[in-house]
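Structure below is target-v4.tsv: TSV, C-alpha atoms and all ligand atoms.
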chain	number	residue	atom	x	y	z
A	262	MET	CA	-13.37	-15.05	-4.54
A	263	VAL	CA	-10.36	-13.51	-6.26
A	264	ARG	CA	-11.13	-10.11	-7.74
A	265	VAL	CA	-7.77	-9.10	-9.18
A	266	GLU	CA	-4.88	-11.38	-10.04
A	267	LEU	CA	-1.41	-10.88	-11.50
A	268	LYS	CA	0.07	-14.00	-13.04
A	269	GLY	CA	3.66	-14.24	-14.28
A	270	VAL	CA	3.75	-10.50	-14.87
A	271	LEU	CA	6.95	-8.95	-16.17
A	272	LYS	CA	7.65	-5.28	-16.84
A	273	GLU	CA	11.04	-4.11	-18.00
A	274	TRP	CA	12.73	-0.80	-18.46
A	275	GLU	CA	16.39	-0.18	-19.28
A	276	ASP	CA	17.51	-0.25	-15.68
A	277	PHE	CA	14.58	-1.88	-13.93
A	278	ARG	CA	12.86	-5.24	-14.04
A	279	LEU	CA	9.61	-5.93	-12.20
A	280	SER	CA	8.56	-9.54	-11.95
A	281	ILE	CA	5.46	-10.72	-10.10
A	282	GLU	CA	4.88	-14.46	-10.19
A	283	ARG	CA	1.50	-14.33	-8.52
A	284	LEU	CA	-0.47	-11.75	-6.60
A	285	LYS	CA	-4.12	-12.10	-5.69
A	286	VAL	CA	-6.52	-9.52	-4.33
A	287	LYS	CA	-9.63	-11.09	-2.86
A	288	ASP	CA	-13.13	-9.69	-3.08
A	289	SER	CA	-13.70	-6.85	-0.55
A	290	GLU	CA	-10.10	-7.05	0.57
A	291	PHE	CA	-7.83	-4.13	1.45
A	292	LEU	CA	-4.44	-5.10	0.05
A	293	THR	CA	-1.43	-2.82	0.43
A	294	LEU	CA	1.69	-2.78	-1.71
A	295	LEU	CA	4.40	-1.73	0.74
A	296	GLY	CA	8.06	-1.14	-0.03
A	297	PRO	CA	10.86	1.40	-0.32
A	298	SER	CA	11.05	4.04	-3.02
A	299	GLY	CA	11.69	2.63	-6.47
A	300	CYS	CA	10.75	-1.00	-5.73
A	301	GLY	CA	7.92	-1.03	-8.28
A	302	LYS	CA	4.74	-0.34	-6.27
A	303	THR	CA	3.40	2.38	-8.54
A	304	THR	CA	4.24	0.39	-11.66
A	305	THR	CA	2.30	-2.57	-10.27
A	306	LEU	CA	-0.69	-0.35	-9.52
A	307	ARG	CA	-0.52	1.27	-12.95
A	308	MET	CA	-0.55	-2.16	-14.61
A	309	ILE	CA	-3.67	-3.11	-12.60
A	310	ALA	CA	-5.23	0.19	-13.68
A	311	GLY	CA	-4.26	-0.31	-17.31
A	312	PHE	CA	-1.98	2.74	-17.68
A	313	GLU	CA	0.97	0.43	-18.17
A	314	LYS	CA	1.16	-2.84	-20.12
A	315	PRO	CA	3.22	-5.81	-18.92
A	316	GLU	CA	5.64	-7.37	-21.42
A	317	ARG	CA	4.63	-10.79	-20.25
A	318	GLY	CA	1.97	-12.37	-18.07
A	319	GLU	CA	-1.67	-11.74	-17.37
A	320	ILE	CA	-3.73	-9.36	-15.33
A	321	LEU	CA	-7.11	-10.84	-14.49
A	322	PHE	CA	-10.24	-9.20	-13.14
A	323	ASP	CA	-12.75	-11.77	-11.83
A	324	GLY	CA	-10.78	-14.44	-13.68
A	325	ARG	CA	-10.88	-12.68	-17.06
A	326	PRO	CA	-7.73	-11.25	-18.67
A	327	VAL	CA	-7.93	-7.46	-18.96
A	328	ASN	CA	-4.51	-6.86	-20.57
A	329	ASP	CA	-6.15	-5.36	-23.63
A	330	LEU	CA	-8.78	-3.30	-21.82
A	331	PRO	CA	-8.14	0.44	-21.39
A	332	PRO	CA	-8.41	1.88	-17.85
A	333	TYR	CA	-11.94	3.23	-18.34
A	334	GLU	CA	-13.27	-0.22	-19.17
A	335	ARG	CA	-11.79	-1.94	-16.12
A	336	GLY	CA	-14.31	-0.73	-13.53
A	337	ILE	CA	-11.70	0.98	-11.38
A	338	GLY	CA	-11.58	4.17	-9.36
A	339	ILE	CA	-8.16	5.69	-8.79
A	340	VAL	CA	-6.74	8.26	-6.37
A	341	PHE	CA	-3.28	9.76	-6.81
A	342	GLN	CA	-0.84	11.34	-4.40
A	343	ASP	CA	-1.28	14.82	-5.93
A	344	TYR	CA	-5.13	14.71	-5.98
A	345	ALA	CA	-5.22	15.66	-9.69
A	346	LEU	CA	-8.41	17.74	-9.36
A	347	PHE	CA	-9.65	20.09	-12.08
A	348	PRO	CA	-8.78	23.56	-10.70
A	349	HIS	CA	-11.43	25.44	-12.69
A	350	MET	CA	-14.28	23.21	-11.52
A	351	THR	CA	-16.16	23.29	-8.22
A	352	VAL	CA	-16.07	20.35	-5.83
A	353	PHE	CA	-19.48	19.30	-7.14
A	354	LYS	CA	-18.33	19.44	-10.76
A	355	ASN	CA	-15.11	17.59	-9.98
A	356	ILE	CA	-17.04	14.75	-8.41
A	357	ALA	CA	-19.76	14.77	-11.06
A	358	PHE	CA	-17.29	14.71	-13.97
A	359	GLY	CA	-17.14	10.92	-14.47
A	360	LEU	CA	-20.92	10.61	-14.27
A	361	GLU	CA	-21.43	13.39	-16.81
A	362	MET	CA	-19.02	11.66	-19.18
A	363	LYS	CA	-21.19	8.58	-18.86
A	364	GLY	CA	-24.24	10.70	-19.75
A	365	LEU	CA	-26.26	9.90	-16.64
A	366	PRO	CA	-29.48	11.88	-16.09
A	367	ARG	CA	-29.16	15.10	-14.11
A	368	ALA	CA	-31.17	13.87	-11.09
A	369	GLU	CA	-29.12	10.69	-10.87
A	370	ILE	CA	-25.87	12.68	-10.98
A	371	GLU	CA	-27.17	14.97	-8.23
A	372	ARG	CA	-28.17	12.01	-6.06
A	373	ARG	CA	-24.87	10.19	-6.48
A	374	VAL	CA	-22.71	13.28	-5.89
A	375	ARG	CA	-24.66	14.02	-2.66
A	376	TRP	CA	-24.07	10.43	-1.56
A	377	ALA	CA	-20.32	10.68	-2.26
A	378	LEU	CA	-20.04	14.09	-0.53
A	379	GLU	CA	-21.62	12.64	2.58
A	380	LEU	CA	-19.48	9.51	2.42
A	381	VAL	CA	-16.26	11.54	2.59
A	382	GLY	CA	-17.64	14.21	4.94
A	383	LEU	CA	-17.63	17.16	2.55
A	384	GLU	CA	-21.30	18.24	2.71
A	385	GLY	CA	-21.60	22.02	2.43
A	386	LEU	CA	-18.34	22.47	0.48
A	387	GLU	CA	-19.70	21.50	-2.94
A	388	ASN	CA	-19.52	25.01	-4.40
A	389	ARG	CA	-15.90	25.68	-3.44
A	390	TYR	CA	-13.00	25.45	-5.85
A	391	PRO	CA	-10.02	23.15	-5.10
A	392	GLU	CA	-7.74	26.09	-4.21
A	393	GLN	CA	-10.21	27.05	-1.47
A	394	LEU	CA	-9.74	23.68	0.23
A	395	SER	CA	-7.08	22.24	2.55
A	396	GLY	CA	-4.91	19.37	1.30
A	397	GLY	CA	-6.94	16.88	3.31
A	398	GLN	CA	-10.21	18.20	1.87
A	399	GLN	CA	-8.81	18.07	-1.66
A	400	GLN	CA	-7.88	14.45	-1.13
A	401	ARG	CA	-11.44	13.76	0.08
A	402	VAL	CA	-12.72	15.24	-3.18
A	403	ALA	CA	-10.38	12.96	-5.12
A	404	LEU	CA	-11.66	10.00	-3.11
A	405	ALA	CA	-15.31	10.99	-3.69
A	406	ARG	CA	-14.61	11.37	-7.41
A	407	ALA	CA	-13.13	7.88	-7.55
A	408	LEU	CA	-16.01	6.32	-5.60
A	409	VAL	CA	-18.94	8.11	-7.21
A	410	VAL	CA	-18.76	5.94	-10.33
A	411	GLU	CA	-19.21	2.89	-8.08
A	412	PRO	CA	-16.06	1.08	-9.23
A	413	ASP	CA	-15.47	-2.62	-8.56
A	414	VAL	CA	-11.89	-1.94	-7.52
A	415	LEU	CA	-10.42	1.11	-5.81
A	416	LEU	CA	-6.76	1.92	-6.44
A	417	LEU	CA	-4.91	4.39	-4.20
A	418	ASP	CA	-1.35	5.53	-4.91
A	419	GLU	CA	0.22	7.11	-1.79
A	420	PRO	CA	-2.97	9.16	-1.24
A	421	LEU	CA	-1.79	10.59	2.09
A	422	SER	CA	1.85	11.41	1.48
A	423	ASN	CA	1.30	15.12	0.72
A	424	LEU	CA	-0.56	15.68	3.99
A	425	ASP	CA	0.79	16.42	7.45
A	426	ALA	CA	0.94	13.73	10.12
A	427	LYS	CA	-2.28	14.49	12.01
A	428	ILE	CA	-4.47	14.74	8.92
A	429	ARG	CA	-2.79	11.67	7.51
A	430	GLU	CA	-3.78	9.61	10.51
A	431	ARG	CA	-7.37	10.86	10.50
A	432	LEU	CA	-7.84	10.35	6.78
A	433	ARG	CA	-6.36	6.86	6.77
A	434	GLY	CA	-8.95	5.88	9.40
A	435	GLU	CA	-11.67	7.31	7.18
A	436	ILE	CA	-10.42	5.53	4.07
A	437	LYS	CA	-10.54	2.29	6.04
A	438	ARG	CA	-14.06	3.04	7.33
A	439	ILE	CA	-15.35	3.82	3.84
A	440	GLN	CA	-13.66	0.74	2.39
A	441	ARG	CA	-15.37	-1.47	5.01
A	442	GLU	CA	-18.72	0.27	4.64
A	443	LEU	CA	-18.74	-0.24	0.87
A	444	GLY	CA	-16.92	-3.59	0.96
A	445	ILE	CA	-14.90	-2.34	-1.99
A	446	THR	CA	-11.84	-4.29	-3.13
A	447	THR	CA	-8.90	-1.95	-2.62
A	448	VAL	CA	-5.25	-1.85	-3.62
A	449	TYR	CA	-3.27	0.75	-1.71
A	450	VAL	CA	0.32	1.86	-2.33
A	451	THR	CA	2.52	3.22	0.45
A	452	HIS	CA	6.11	3.21	1.68
A	453	ASP	CA	4.95	3.84	5.26
A	454	GLN	CA	4.86	0.62	7.27
A	455	GLU	CA	2.77	2.07	10.07
A	456	GLU	CA	0.12	3.21	7.61
A	457	ALA	CA	0.13	-0.21	5.96
A	458	MET	CA	-0.26	-1.99	9.31
A	459	ALA	CA	-3.13	0.32	10.30
A	460	VAL	CA	-5.34	-0.07	7.24
A	461	SER	CA	-4.61	-3.37	5.51
A	462	ASP	CA	-6.25	-6.78	5.57
A	463	ARG	CA	-3.11	-8.09	3.88
A	464	ILE	CA	0.18	-6.50	2.87
A	465	ALA	CA	2.43	-7.42	-0.05
A	466	VAL	CA	5.94	-6.32	0.91
A	467	MET	CA	7.93	-5.42	-2.19
A	468	ASN	CA	11.70	-5.34	-2.57
A	469	VAL	CA	13.41	-4.13	-5.74
A	470	GLY	CA	11.32	-5.54	-8.57
A	471	HIS	CA	9.53	-8.34	-6.76
A	472	VAL	CA	7.12	-9.29	-3.96
A	473	GLU	CA	9.03	-10.63	-0.92
A	474	GLN	CA	6.10	-11.81	1.18
A	475	VAL	CA	2.34	-11.44	1.35
A	476	GLY	CA	0.43	-11.81	4.58
A	477	LYS	CA	-1.73	-10.30	7.29
A	478	PRO	CA	-0.08	-7.37	9.08
A	479	LEU	CA	0.71	-9.21	12.31
A	480	GLU	CA	1.83	-12.32	10.45
A	481	LEU	CA	4.40	-10.25	8.58
A	482	TYR	CA	5.36	-8.34	11.69
A	483	TYR	CA	5.98	-11.33	13.93
A	484	ARG	CA	6.71	-14.05	11.34
A	485	PRO	CA	8.66	-12.41	8.52
A	486	LYS	CA	10.31	-14.88	6.18
A	487	THR	CA	13.24	-12.69	5.21
A	488	GLU	CA	15.50	-10.17	6.85
A	489	PHE	CA	14.25	-7.53	4.42
A	490	VAL	CA	10.62	-7.93	5.56
A	491	ALA	CA	11.68	-8.08	9.23
A	492	ARG	CA	13.67	-4.86	9.03
A	493	PHE	CA	11.23	-2.99	6.79
A	494	LEU	CA	8.38	-3.49	9.25
A	495	GLY	CA	10.23	-2.38	12.37
A	496	LEU	CA	13.11	-2.78	14.82
A	497	SER	CA	14.43	-6.31	14.67
A	498	ASN	CA	16.76	-8.61	16.54
A	499	ILE	CA	18.44	-11.09	14.23
A	500	LEU	CA	20.92	-13.62	15.61
A	501	GLU	CA	23.00	-16.00	13.49
A	502	LEU	CA	23.38	-19.16	15.56
A	503	LYS	CA	24.24	-22.81	15.19
A	504	ALA	CA	21.63	-25.31	16.30
A	505	GLU	CA	22.48	-28.61	17.95
A	506	ASN	CA	19.95	-31.21	19.03
A	507	GLY	CA	17.18	-28.93	17.79
A	508	ARG	CA	18.24	-25.96	19.92
A	509	ALA	CA	20.17	-22.80	19.14
A	510	CYS	CA	21.69	-21.01	22.11
A	511	LEU	CA	23.44	-17.77	22.84
A	512	GLY	CA	24.77	-17.95	26.39
A	513	GLY	CA	21.81	-19.02	28.47
A	514	LEU	CA	19.31	-17.77	25.90
A	515	CYS	CA	18.03	-20.82	23.97
A	516	PHE	CA	15.60	-21.23	21.08
A	517	ASP	CA	13.88	-24.51	20.21
A	518	VAL	CA	14.21	-24.46	16.43
A	519	GLY	CA	13.72	-28.17	15.69
A	520	ARG	CA	16.55	-28.30	13.16
A	521	GLU	CA	20.34	-28.53	12.96
A	522	GLY	CA	23.08	-26.27	11.69
A	523	LYS	CA	23.12	-22.56	10.90
A	524	VAL	CA	19.91	-20.66	11.68
A	525	ARG	CA	18.90	-17.04	11.74
A	526	ILE	CA	16.63	-16.29	14.68
A	527	PHE	CA	14.38	-13.26	14.52
A	528	PHE	CA	12.41	-11.55	17.30
A	529	ARG	CA	10.99	-8.11	18.00
A	530	PRO	CA	12.33	-6.00	20.90
A	531	GLU	CA	8.91	-6.18	22.57
A	532	SER	CA	9.16	-9.99	22.70
A	533	VAL	CA	12.13	-9.65	25.06
A	534	TYR	CA	11.20	-9.63	28.75
A	535	VAL	CA	13.67	-8.59	31.45
A	536	ARG	CA	13.83	-9.39	35.14
A	537	PRO	CA	16.40	-9.01	37.91
A	538	GLY	CA	19.34	-11.35	37.35
A	539	ASP	CA	22.86	-11.41	35.95
A	540	ALA	CA	22.75	-13.20	32.59
A	541	VAL	CA	23.23	-10.19	30.31
A	542	GLU	CA	24.76	-6.76	30.50
A	543	VAL	CA	22.68	-3.59	30.15
A	544	LEU	CA	24.78	-1.46	27.80
A	545	ASP	CA	22.43	1.45	27.53
A	546	TYR	CA	18.79	2.47	27.56
A	547	GLU	CA	16.59	5.06	25.93
A	548	LEU	CA	13.28	6.48	27.13
A	549	LEU	CA	10.40	6.66	24.67
A	550	PRO	CA	6.86	7.93	25.41
A	551	GLY	CA	5.63	5.43	28.03
A	552	ARG	CA	8.26	2.87	27.05
A	553	ILE	CA	11.90	2.06	27.49
A	554	ARG	CA	14.30	0.56	24.98
A	555	LEU	CA	17.18	-1.39	26.47
A	556	LYS	CA	20.40	-2.25	24.67
A	557	LEU	CA	21.65	-5.56	26.03
A	558	GLU	CA	24.76	-7.60	25.38
A	559	ILE	CA	24.85	-11.39	25.44
A	560	GLU	CA	28.11	-13.13	24.59
A	561	GLY	CA	29.23	-10.31	22.33
A	562	SER	CA	25.86	-9.91	20.56
A	563	VAL	CA	23.71	-6.84	21.08
A	564	ILE	CA	19.95	-7.23	21.33
A	565	LEU	CA	17.22	-4.68	21.89
A	566	ALA	CA	14.39	-5.07	24.38
A	567	GLU	CA	11.41	-2.76	24.57
A	568	ARG	CA	8.99	-2.65	27.49
A	569	PHE	CA	6.23	-0.40	28.75
A	570	LEU	CA	7.59	1.52	31.73
A	571	ASP	CA	4.91	0.22	34.07
A	572	GLU	CA	5.83	-3.41	33.41
A	573	LEU	CA	9.53	-2.92	34.11
A	574	PRO	CA	10.34	-4.94	37.27
A	575	PHE	CA	12.56	-2.10	38.55
A	576	GLY	CA	12.45	1.68	38.41
A	577	VAL	CA	14.36	3.47	35.64
A	578	GLU	CA	16.40	5.23	38.35
A	579	GLU	CA	17.53	1.89	39.76
A	580	MET	CA	18.50	0.42	36.39
A	581	PRO	CA	20.71	-2.59	37.19
A	582	GLU	CA	23.96	-3.29	35.33
A	583	ARG	CA	22.87	-6.83	34.53
A	584	VAL	CA	19.47	-8.53	33.99
A	585	ASP	CA	18.01	-11.87	32.97
A	586	VAL	CA	16.09	-12.06	29.69
A	587	GLU	CA	13.39	-14.24	28.21
A	588	VAL	CA	12.32	-14.17	24.56
A	589	ARG	CA	8.64	-15.14	24.44
A	590	SER	CA	8.15	-15.24	20.69
A	591	PHE	CA	10.58	-15.74	17.81
A	592	SER	CA	10.76	-17.14	14.30
A	593	VAL	CA	13.44	-18.62	12.09
A	594	LEU	CA	14.23	-16.66	8.93
A	595	GLU	CA	14.57	-18.42	5.59
A	596	ALA	CA	18.11	-18.99	4.37
A	597	GLU	CA	19.17	-16.30	1.88
A	601	LIG	N1	7.97	5.18	-17.58
A	601	LIG	C1	9.13	4.71	-17.09
A	601	LIG	N2	10.23	4.64	-17.85
A	601	LIG	C2	11.40	4.15	-17.36
A	601	LIG	N3	11.56	3.73	-16.08
A	601	LIG	C3	10.50	3.80	-15.26
A	601	LIG	C4	9.23	4.29	-15.71
A	601	LIG	N4	8.36	4.23	-14.67
A	601	LIG	C5	9.06	3.75	-13.62
A	601	LIG	N5	10.33	3.48	-13.97
A	601	LIG	C6	11.37	2.90	-13.10
A	601	LIG	O1	10.85	1.76	-12.46
A	601	LIG	C7	11.29	1.69	-11.12
A	601	LIG	C8	10.11	1.51	-10.17
A	601	LIG	O2	9.33	2.67	-10.15
A	601	LIG	P1	7.97	2.78	-9.34
A	601	LIG	O3	7.47	4.17	-9.47
A	601	LIG	O4	7.06	1.67	-9.72
A	601	LIG	O5	8.47	2.51	-7.85
A	601	LIG	P2	7.73	2.83	-6.49
A	601	LIG	O6	8.00	1.64	-5.63
A	601	LIG	O7	6.33	3.19	-6.70
A	601	LIG	O8	8.58	4.04	-5.95
A	601	LIG	P3	8.09	5.44	-5.32
A	601	LIG	O9	7.61	5.12	-3.94
A	601	LIG	O10	9.36	6.24	-5.31
A	601	LIG	O11	7.04	5.98	-6.22
A	601	LIG	C9	12.11	2.93	-10.86
A	601	LIG	O12	13.47	2.59	-10.95
A	601	LIG	C10	11.72	3.87	-11.97
A	601	LIG	O13	12.78	4.69	-12.32
Starting from the file, give its structure as C-alpha cells.
Ligand SMILES: Nc1ncnc2c1ncn2[C@@H]1O[C@H](COP(=O)(O)OP(=O)(O)OP(=O)(O)O)[C@@H](O)[C@H]1O
Amino acid sequence: MVRVELKGVLKEWEDFRLSIERLKVKDSEFLTLLGPSGCGKTTTLRMIAGFEKPERGEILFDGRPVNDLPPYERGIGIVFQDYALFPHMTVFKNIAFGLEMKGLPRAEIERRVRWALELVGLEGLENRYPEQLSGGQQQRVALARALVVEPDVLLLDEPLSNLDAKIRERLRGEIKRIQRELGITTVYVTHDQEEAMAVSDRIAVMNVGHVEQVGKPLELYYRPKTEFVARFLGLSNILELKAENGRACLGGLCFDVGREGKVRIFFRPESVYVRPGDAVEVLDYELLPGRIRLKLEIEGSVILAERFLDELPFGVEEMPERVDVEVRSFSVLEAE
C-alpha cells in the first residue's frame, strides 16, 4: 500500500526549480531522500509536511490529495536538525505539548509521555530542561515529541547532523529500531550516503531539482543507472569503452555487455580481485584499516581495487609491480 505519493510536483523559486514526476512511499517503509546540499531534499520534505505548497502536481496521503490540508491535519510527526525544543519547558512538558493542544485527559497524556520516554530511552530525565541535556538527548526529546501524537507518517530532516560521529551512529541505529518497532512510514532527509545506506529500506537519490534514481540501498550501490548516483554513493570505476560482438574490452579485461557501440562500464573497487600475474601495472597503493586500496593501470586507464588485507594473495611488503585482475560484478550506465 502506498502511504505518501508525489505526482507531477513542481516547485519554483527565482533560481531553483524542483520537479518530481513520481515518488511513492509505501506503508511502513523507511525512505530516505539523499543528495548534495541544495538539491531540494528539504523542500520535498516540507511539501510532504505541508509547510510548502507546490505550484503544480499533487501530494497524496493514502491516495487522497492533501495539497490544501495544513500540516497539523496531515497526521505527521516531524523532527528537525536543530531539535526546535521549547527551552522554558521540561522534557515532560516538551513531549506532552502536542497532546495538551489536543486536549487529551491528564492520565492519558501521562501514559503516552511515559511510553514515548521509554521508547527513546529517556526515562528519569523528564524533569530536566533542554539546556541540561546533551545534543543527542535533546534530539531524543524531539523524536519522542514527534512520536507521542502517534502520527501516520514520520518526517526527519537531517536529525543527526548537529551531533558528533559516535552519537550519530548510535542514534541512527535507534531511529531505525524505533521505526521498525512501530512500523511507522518514515521519510528521512540526509546528505550522508553512509547514513542513508545504514537506515533505509529504499533511497531516492536527488540531483539538483530532481530524483535521479530510487531503489534499495544495495541496488543503488551496485547497479546505479547514472554516473551521478554511482559517484555519490561511493568510490567508482567508470570506463568508456566500445563494444563489439557484445563484449567491451580494455586490454585483457572484458565485459559481456550484450550490446554494440559506446558503453560506460561501472564497477566498485571491491568488485576488483587481484592475483599474481602481469596484465596490469600497480601504480600505487594505500593502506586503510584492515583493507588496501590499489591504483592500477590498464592500457592507459586507471582503476581502483579494494581488498581486505587477509584476502590479498601476497603480503603488502612483497607488493608486485604487476598483477592480473578480475572484475566480478559490473553494470552498464545509462547514456547521458
Ligand atoms: N523559501 C525559499 N525561497 C527561495 N529559495 C528557496 C527557498 N527555500 C529553498 N530555496 C532554494 O531551493 C534550493 C533547494 O533547497 P533545499 O533546502 O530544499 O535543498 P536541500 O537539498 O535540502 O539542501 P541542504 O542539504 O543544504 O538543506 C536551494 O537553492 C535554496 O536556495
>> Neighbouring residues of A:Leu294 were defined as those with any atom within 8 Å, considering only C-alpha atoms; residues of the same chain fewer than 3 positions away were excluded. Please report them as a PyMOL selection string.
In response: chain A and resi 302+448-451+464-467
Include C-alpha atoms and write out the residues we just selected as a compact mmCIF listing (two decimals), in the frame of the given file.
# COMPACT_ATOMS: atom_id res chain seq x y z
CA LYS A 302 4.74 -0.34 -6.27
CA VAL A 448 -5.25 -1.85 -3.62
CA TYR A 449 -3.27 0.75 -1.71
CA VAL A 450 0.32 1.86 -2.33
CA THR A 451 2.52 3.22 0.45
CA ILE A 464 0.18 -6.50 2.87
CA ALA A 465 2.43 -7.42 -0.05
CA VAL A 466 5.94 -6.32 0.91
CA MET A 467 7.93 -5.42 -2.19
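Counting all atoms listed in the file, the residue from A:Ala491, A:Ile436, A:Met350, A:Ile445 that sits nearest to A:Gln474 is A:Ala491.
Considering the residues A:Glu371, A:Phe353, A:His452, A:Glu411 and counting only C-alpha atoms and all ligand atoms, ligand LIG 601 (chain A) has its shortest atom-to-atom contact with A:His452.
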>> Around (6.4, -7.0, -17.8), as given in the file, which residues come within 7 Å? Count only C-alpha atoms and list them as a list of chain:residue names.
In response: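 Every residue inside that radius is included here: A:Val270, A:Leu271, A:Lys272, A:Glu273, A:Leu279, A:Ser280, A:Pro315, A:Glu316, A:Arg317, A:Gly318.
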Next, write the just-selected residues to a file, as a short mmCIF file (atom, residue, chain, number, x, y, z; two decimals), in the frame of the given file, keeping C-alpha atoms as the atom set.
data_model
loop_
_atom_site.label_atom_id
_atom_site.label_comp_id
_atom_site.auth_asym_id
_atom_site.auth_seq_id
_atom_site.Cartn_x
_atom_site.Cartn_y
_atom_site.Cartn_z
CA VAL A 270 3.75 -10.50 -14.87
CA LEU A 271 6.95 -8.95 -16.17
CA LYS A 272 7.65 -5.28 -16.84
CA GLU A 273 11.04 -4.11 -18.00
CA LEU A 279 9.61 -5.93 -12.20
CA SER A 280 8.56 -9.54 -11.95
CA PRO A 315 3.22 -5.81 -18.92
CA GLU A 316 5.64 -7.37 -21.42
CA ARG A 317 4.63 -10.79 -20.25
CA GLY A 318 1.97 -12.37 -18.07
#
Within 10 Å of ligand LIG 601 (chain A), which residues of chain A come that close, and what is the closest atom pair and distance in Å for each? Count all atoms listed in the file and give it as CSV.
residue,atom,partner,partner_atom,distance
A:Lys272,CA,A:LIG601,O1,8.9
A:Glu273,CA,A:LIG601,O1,8.1
A:Trp274,CA,A:LIG601,C2,5.2
A:Glu275,CA,A:LIG601,C2,6.9
A:Asp276,CA,A:LIG601,O12,6.8
A:Phe277,CA,A:LIG601,O1,5.4
A:Arg278,CA,A:LIG601,O1,7.5
A:Leu279,CA,A:LIG601,C8,7.7
A:Leu294,CA,A:LIG601,O6,8.6
A:Leu295,CA,A:LIG601,O6,8.1
A:Gly296,CA,A:LIG601,O6,6.3
A:Pro297,CA,A:LIG601,O6,6.0
A:Ser298,CA,A:LIG601,O10,3.6
A:Gly299,CA,A:LIG601,O8,3.5
A:Cys300,CA,A:LIG601,O6,3.8
A:Gly301,CA,A:LIG601,O4,3.2
A:Lys302,CA,A:LIG601,O6,3.9
A:Thr303,CA,A:LIG601,O7,3.6
A:Thr304,CA,A:LIG601,O4,3.7
A:Thr305,CA,A:LIG601,O4,6.4
A:Leu306,CA,A:LIG601,O4,8.0
A:Arg307,CA,A:LIG601,O4,8.2
A:Met308,CA,A:LIG601,O4,9.8
A:Glu313,CA,A:LIG601,N1,8.5
A:Gln342,CA,A:LIG601,O11,9.7
A:Asp418,CA,A:LIG601,O7,8.2
A:Glu419,CA,A:LIG601,O9,7.9
A:Val450,CA,A:LIG601,O7,7.5
A:Thr451,CA,A:LIG601,O9,7.0
A:His452,CA,A:LIG601,O9,6.1
A:Asp453,CA,A:LIG601,O9,9.7
A:Met467,CA,A:LIG601,O6,7.9
A:Asn468,CA,A:LIG601,O6,8.5
A:Val469,CA,A:LIG601,C8,7.9
A:Gly470,CA,A:LIG601,C8,7.3
Save out the residues we just selected, C-alpha atoms, as a tab-separated table (two decimals), keeping the file's coordinate frame.
chain	number	residue	atom	x	y	z
A	272	LYS	CA	7.65	-5.28	-16.84
A	273	GLU	CA	11.04	-4.11	-18.00
A	274	TRP	CA	12.73	-0.80	-18.46
A	275	GLU	CA	16.39	-0.18	-19.28
A	276	ASP	CA	17.51	-0.25	-15.68
A	277	PHE	CA	14.58	-1.88	-13.93
A	278	ARG	CA	12.86	-5.24	-14.04
A	279	LEU	CA	9.61	-5.93	-12.20
A	294	LEU	CA	1.69	-2.78	-1.71
A	295	LEU	CA	4.40	-1.73	0.74
A	296	GLY	CA	8.06	-1.14	-0.03
A	297	PRO	CA	10.86	1.40	-0.32
A	298	SER	CA	11.05	4.04	-3.02
A	299	GLY	CA	11.69	2.63	-6.47
A	300	CYS	CA	10.75	-1.00	-5.73
A	301	GLY	CA	7.92	-1.03	-8.28
A	302	LYS	CA	4.74	-0.34	-6.27
A	303	THR	CA	3.40	2.38	-8.54
A	304	THR	CA	4.24	0.39	-11.66
A	305	THR	CA	2.30	-2.57	-10.27
A	306	LEU	CA	-0.69	-0.35	-9.52
A	307	ARG	CA	-0.52	1.27	-12.95
A	308	MET	CA	-0.55	-2.16	-14.61
A	313	GLU	CA	0.97	0.43	-18.17
A	342	GLN	CA	-0.84	11.34	-4.40
A	418	ASP	CA	-1.35	5.53	-4.91
A	419	GLU	CA	0.22	7.11	-1.79
A	450	VAL	CA	0.32	1.86	-2.33
A	451	THR	CA	2.52	3.22	0.45
A	452	HIS	CA	6.11	3.21	1.68
A	453	ASP	CA	4.95	3.84	5.26
A	467	MET	CA	7.93	-5.42	-2.19
A	468	ASN	CA	11.70	-5.34	-2.57
A	469	VAL	CA	13.41	-4.13	-5.74
A	470	GLY	CA	11.32	-5.54	-8.57
>> Let me make sure I understand: among A:Asp343, A:Glu392, A:Glu361, A:Asp413, which one has the smallest atom-to-atom distance to A:Lys287 if we use all atoms listed in the file?
In response: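 Of all the options, A:Asp413 lies closest to A:Lys287.
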Which residues come within 12 Å of A:Gln440, counting only C-alpha atoms, excluding same-chain residues fewer than 5 positions away, as a tab-separated table (two decimals) with C-alpha atoms, in the coordinates of the input?
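Final file, selection_7.tsv:
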chain	number	residue	atom	x	y	z
A	288	ASP	CA	-13.13	-9.69	-3.08
A	289	SER	CA	-13.70	-6.85	-0.55
A	290	GLU	CA	-10.10	-7.05	0.57
A	291	PHE	CA	-7.83	-4.13	1.45
A	292	LEU	CA	-4.44	-5.10	0.05
A	380	LEU	CA	-19.48	9.51	2.42
A	381	VAL	CA	-16.26	11.54	2.59
A	404	LEU	CA	-11.66	10.00	-3.11
A	408	LEU	CA	-16.01	6.32	-5.60
A	412	PRO	CA	-16.06	1.08	-9.23
A	413	ASP	CA	-15.47	-2.62	-8.56
A	414	VAL	CA	-11.89	-1.94	-7.52
A	415	LEU	CA	-10.42	1.11	-5.81
A	416	LEU	CA	-6.76	1.92	-6.44
A	417	LEU	CA	-4.91	4.39	-4.20
A	433	ARG	CA	-6.36	6.86	6.77
A	434	GLY	CA	-8.95	5.88	9.40
A	435	GLU	CA	-11.67	7.31	7.18
A	445	ILE	CA	-14.90	-2.34	-1.99
A	446	THR	CA	-11.84	-4.29	-3.13
A	447	THR	CA	-8.90	-1.95	-2.62
A	448	VAL	CA	-5.25	-1.85	-3.62
A	449	TYR	CA	-3.27	0.75	-1.71
A	460	VAL	CA	-5.34	-0.07	7.24
A	461	SER	CA	-4.61	-3.37	5.51
A	462	ASP	CA	-6.25	-6.78	5.57
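Among the candidates A:Glu558, A:Lys363, A:Leu346, A:Ala426, the residue lying nearest to A:Tyr390 is A:Leu346 (atoms considered: all atoms listed in the file).
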>> So that I can check the surroundings of A:Gly519, please list as a PyMOL selection string every protein, DNA and RNA residue that reaches within 12 Å of it, counting all atoms listed in the file and ignoring chain neighbours fewer than 3 positions away.
In response: chain A and resi 503-509+515-516+522-524+592-593
> Of the residues A:Ala405, A:Val265, A:Leu284, A:Leu321, which is the one nearest to A:Val352, using only C-alpha atoms?
Replying inline: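 Closest to A:Val352 of all the choices is A:Ala405.
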